[in-house]
Amino acid sequence: MAVSGFTVIDTDAHYLESFQEVAKYMEEPYKSRLLKSAHRLIPTTTGDRFLEGRIRRDEVSYPQKPMTPDEIPAAQKRLGVDVSVILPNNLLELGKFPIKNMALALCQGFNDYMLDQIVDPKRGIYTMVFVPLLDPPESAKLIDRVGKHPGVSAVCFISANVEPPLGDTFYNPVYEAAQRNGLPIVYHSAGSDLHDFFVRGFQTFAETHSLGFVFWNYIHMTSVVMEGIPERFPGIKFAFQESGIFWVPQLMYRLDNAYMKRRSESPLLKKLPSEYIREFRFGTQPLESPKNMDHLKYAFEMVDAENTLMFSTDYPHWDFDPPSTITDLPFLSHKAKTRILSENAENFFRF
Amino acid sequence: MAKHRIARVEEIPAGERKLVEAGGKSIGVFNVRGEYHALENVCCHRGGPVCEGNVFGRLESEVLPDNRIREYYATEGDVIACPWHGWEYEIPSGECLADRTYKLRKFPVVIEEGAVWVVV
């Protein structure tokens with residue numbers, strides 16, 4: 001155990017892979033297109049994630065250059081993490097990508113690369129199946145092809161910029177494939193354009209980053225609940241990553257309010273939206289830290305934290321949380337910390 | 001508890017209702033397919049005049065074998081929607097369709113001497 005007294009499972013960590021390496025797992029013409037286009041244009045950004053050197057990650061190559069696979073166990077050791085679920089960093093903008101065949105080729109390449117080079121279940125290093133949501137039938141084939149690999153712990157919907165929202169019947173083949181393969185689904189949010197936001201004109205990264213992550217989670221969780229995904233696919237477990245936890249009670253009670261008035265629009269639902277939401281799981285990072293700890297305590301109570309939260313670092317990103325984010329909380333019992341740090345993840349992911 | 005004469009039975013035919021004051025309460029008396037039901041005219045949500053609302057069936061939906069969704073009316077004429085915010089209630093039980101822990105207050109109905117009586 002990497003942290004004294006606790007096994008720690010990091011349900012959302014990242015790895016900055018080399019496009020050159022991933023391209024080896026892709027067919028032509030997509031391979032050449034990737035190599036010729038990656039990192040060629042100026043970024044459309046509201047600011048440097050690492051604040052011109054104010055934030056540093058001396059122990060890994062990120063963000064200056066791609067990481068190497070041996071940096072993952074080193075990072076786990078430094079953080080005090082026993083098991084990691086890793087999302088390849090460069091895929092986070094997948095939802096922005098408009099070309100179906102290329103999106104499929106990228107997902108094929110990234111999945112095969114991760115499974116060949118990165119995952120190592122014996123050392124607690126897992127990944128997920130990343131799917132091109134533009135093309136649900138091909139996404140389903142991809143899940144069927146790699147879903148049984150022991151390094152795969154879930155299906156991941158990289159959810160930023162994905163339209164229509166993810167409760168739509170358009171995605172039926174993808175949900176069917178996840179259910180068929182016994183895999184949970186992780187909705188991984190991102191900033192609207194990672195740096196930017198769908199409302200133009202914000203001047204700082206803090207503004208666009210704060211809004212982007214939570215908005216895409218709002219958008220997709222609203223759709224997933226109100227379109228009855230848990231009723232349509234009762235065999236699937238669902239988790240939402242990367243927006244802290246305060247957004248969850250707001251949406252629970254906001255949707256309940258609307259549902260009470262407009263039940264006839266959502267007749268598939270058999271209970272209140274908040275009751276479905278309490279069956280979901282939520283990554284903890286970036287956990288809010290109000291000065292008045294009672295406020296956080298009540299938010300934990302509202303989301304049934306002991307049963308719903310799964311610790312995540314988001315390492316090595318600029319706003320990562322170490323395990324002490326949870327172990328230091330004065331209002332949580334040892335049992336609740338154990339559940340949040342590892343047991344809820346063990347029950348959710350396929351390890 | 002007192003028994004109040006509300007109407008002659010033919011005054012409230014199937015599918016109709018009558019709003020009355022009885023025992024200091026505003027009450028809606030509904031005839032759903034020959035059965036009479038008396039509900040207090042106060043919505044559980046914000047106290048709106050629920051018994052003045054429009055009557056619908058109970059909308060349901062099912063997941064088809066190909067995972068598409070079909071919506072349909074499972075019943076006819078036994079659901080009332082509060083005109084203030086749309087909260088829907090099943091008239092025979094008084095229960096809110098979205099959350100059956102919310103119930104409109106119900107009063108016993110008696111048919112005697114060709115009249116509808118409500119016990120308040």
# chains A, B, ... in the order shown; residues from 1 in each chain; ligands from 1
$ interface_residues --of "chain A" --to "chain B" --cutoff "8 Å" --atoms "only C-alpha atoms" --output "ChimeraX atom specification"
/A:169,172,232,259-264,267-268,271-272
$ write_last_selection --atoms "N, CA and C atoms" --output "compact mmCIF listing (two decimals), in the first residue's frame"
# COMPACT_ATOMS: atom_id res chain seq x y z
N THR A 169 -30.56 8.18 -28.66
CA THR A 169 -30.61 6.82 -29.21
C THR A 169 -29.59 6.60 -30.33
N ASN A 172 -27.04 4.09 -29.40
CA ASN A 172 -27.46 2.75 -28.96
C ASN A 172 -26.42 1.67 -29.21
N ARG A 232 -32.71 1.99 -20.08
CA ARG A 232 -32.53 1.31 -21.36
C ARG A 232 -31.38 0.32 -21.31
N TYR A 259 -38.46 17.49 -13.64
CA TYR A 259 -39.16 16.22 -13.86
C TYR A 259 -40.52 16.21 -13.17
N MET A 260 -40.60 16.76 -11.97
CA MET A 260 -41.88 16.79 -11.26
C MET A 260 -42.93 17.54 -12.07
N LYS A 261 -42.48 18.55 -12.80
CA LYS A 261 -43.42 19.35 -13.60
C LYS A 261 -43.65 18.77 -14.98
N ARG A 262 -42.71 17.97 -15.48
CA ARG A 262 -42.75 17.55 -16.89
C ARG A 262 -42.53 16.06 -17.06
N ARG A 263 -43.11 15.25 -16.16
CA ARG A 263 -42.91 13.81 -16.21
C ARG A 263 -43.29 13.22 -17.56
N SER A 264 -44.32 13.80 -18.21
CA SER A 264 -44.80 13.20 -19.46
C SER A 264 -43.77 13.30 -20.58
N PRO A 267 -41.27 9.62 -19.76
CA PRO A 267 -42.02 8.51 -19.13
C PRO A 267 -41.19 7.25 -18.90
N LEU A 268 -39.97 7.21 -19.49
CA LEU A 268 -39.13 6.03 -19.23
C LEU A 268 -38.64 5.98 -17.78
N LYS A 271 -38.13 6.63 -11.47
CA LYS A 271 -37.90 7.33 -10.20
C LYS A 271 -37.34 8.70 -10.51
N LEU A 272 -37.04 9.45 -9.46
CA LEU A 272 -36.57 10.82 -9.65
C LEU A 272 -35.18 10.83 -10.28
$ residues_around --residues "Gly151 (chain A)" --least-positions-apart "4" --cutoff "6 Å" --atoms "only C-alpha atoms" --output "mmCIF file with C-alpha atoms, in the first residue's frame"
data_model
loop_
_atom_site.group_PDB
_atom_site.id
_atom_site.type_symbol
_atom_site.label_atom_id
_atom_site.label_comp_id
_atom_site.auth_asym_id
_atom_site.auth_seq_id
_atom_site.Cartn_x
_atom_site.Cartn_y
_atom_site.Cartn_z
ATOM 1 C CA VAL A 119 -1.066 -1.226 -19.673
ATOM 2 C CA PRO A 121 -2.435 -5.112 -14.937
ATOM 3 C CA TYR A 126 -5.128 -0.091 -16.774
#
$ residues_around --residues "Val119 (chain B)" --least-positions-apart "2" --cutoff "8 Å" --atoms "only C-alpha atoms" --output "MDAnalysis selection string"
chainID B and resid 1:4 107:110 117
$ write_last_selection --atoms "N, CA and C atoms" --output "mmCIF file, in the first residue's frame"
data_model
loop_
_atom_site.group_PDB
_atom_site.id
_atom_site.type_symbol
_atom_site.label_atom_id
_atom_site.label_comp_id
_atom_site.auth_asym_id
_atom_site.auth_seq_id
_atom_site.Cartn_x
_atom_site.Cartn_y
_atom_site.Cartn_z
ATOM 1 N N MET B 1 -66.402 14.939 11.074
ATOM 2 C CA MET B 1 -66.707 14.387 9.728
ATOM 3 C C MET B 1 -68.200 14.595 9.438
ATOM 4 N N ALA B 2 -68.441 15.178 8.299
ATOM 5 C CA ALA B 2 -69.842 15.385 7.903
ATOM 6 C C ALA B 2 -70.002 15.021 6.432
ATOM 7 N N LYS B 3 -71.209 14.584 6.106
ATOM 8 C CA LYS B 3 -71.494 14.178 4.732
ATOM 9 C C LYS B 3 -72.137 15.353 4.002
ATOM 10 N N HIS B 4 -71.550 15.703 2.864
ATOM 11 C CA HIS B 4 -72.061 16.864 2.117
ATOM 12 C C HIS B 4 -72.617 16.412 0.771
ATOM 13 N N PHE B 107 -61.064 12.374 -0.258
ATOM 14 C CA PHE B 107 -62.222 12.307 0.643
ATOM 15 C C PHE B 107 -63.122 11.171 0.181
ATOM 16 N N PRO B 108 -63.723 10.454 1.132
ATOM 17 C CA PRO B 108 -64.641 9.372 0.751
ATOM 18 C C PRO B 108 -65.854 9.924 -0.011
ATOM 19 N N VAL B 109 -66.296 9.158 -1.011
ATOM 20 C CA VAL B 109 -67.475 9.530 -1.794
ATOM 21 C C VAL B 109 -68.552 8.465 -1.561
ATOM 22 N N VAL B 110 -69.765 8.919 -1.370
ATOM 23 C CA VAL B 110 -70.889 8.001 -1.162
ATOM 24 C C VAL B 110 -71.964 8.351 -2.190
ATOM 25 N N TRP B 117 -72.274 12.280 -2.610
ATOM 26 C CA TRP B 117 -71.995 12.899 -1.312
ATOM 27 C C TRP B 117 -70.496 12.740 -1.028
#
$ atom_distance --atom1 "CA of Ser26 (chain B)" --atom2 "CA of Cys44 (chain B)"
14.1 Å
$ select_by_dssp --residues "region 69-244 of chain A" --states "alpha helix (DSSP H)" --output "PyMOL selection string"
chain A and resi 71-79+100-113+136-146+172-180+205-226+229-232
$ atom_distance --atom1 "CA of Val22 (chain A)" --atom2 "CA of Ile185 (chain A)"
23.7 Å
$ residues_around --residues "His149 (chain A)" --least-positions-apart "2" --cutoff "12 Å" --atoms "only C-alpha atoms" --output "list in words"
Asn111, Asp112, Met114, Leu115, Asp116, Val119, Asp120, Pro121, Tyr126, Thr127, Met128, Val129, Leu142, Ile143, Asp144, Arg145, Val146, Gly147, Gly151, Val152, Ser153, Ala154, Val155, Asn181, Leu183, Arg350 and Phe351 of chain A
$ residues_around --residues "Thr308 (chain A)" --least-positions-apart "6" --cutoff "7 Å" --atoms "only C-alpha atoms" --output "list in words"
Arg278, Phe280, Arg281 and Phe282 of chain A
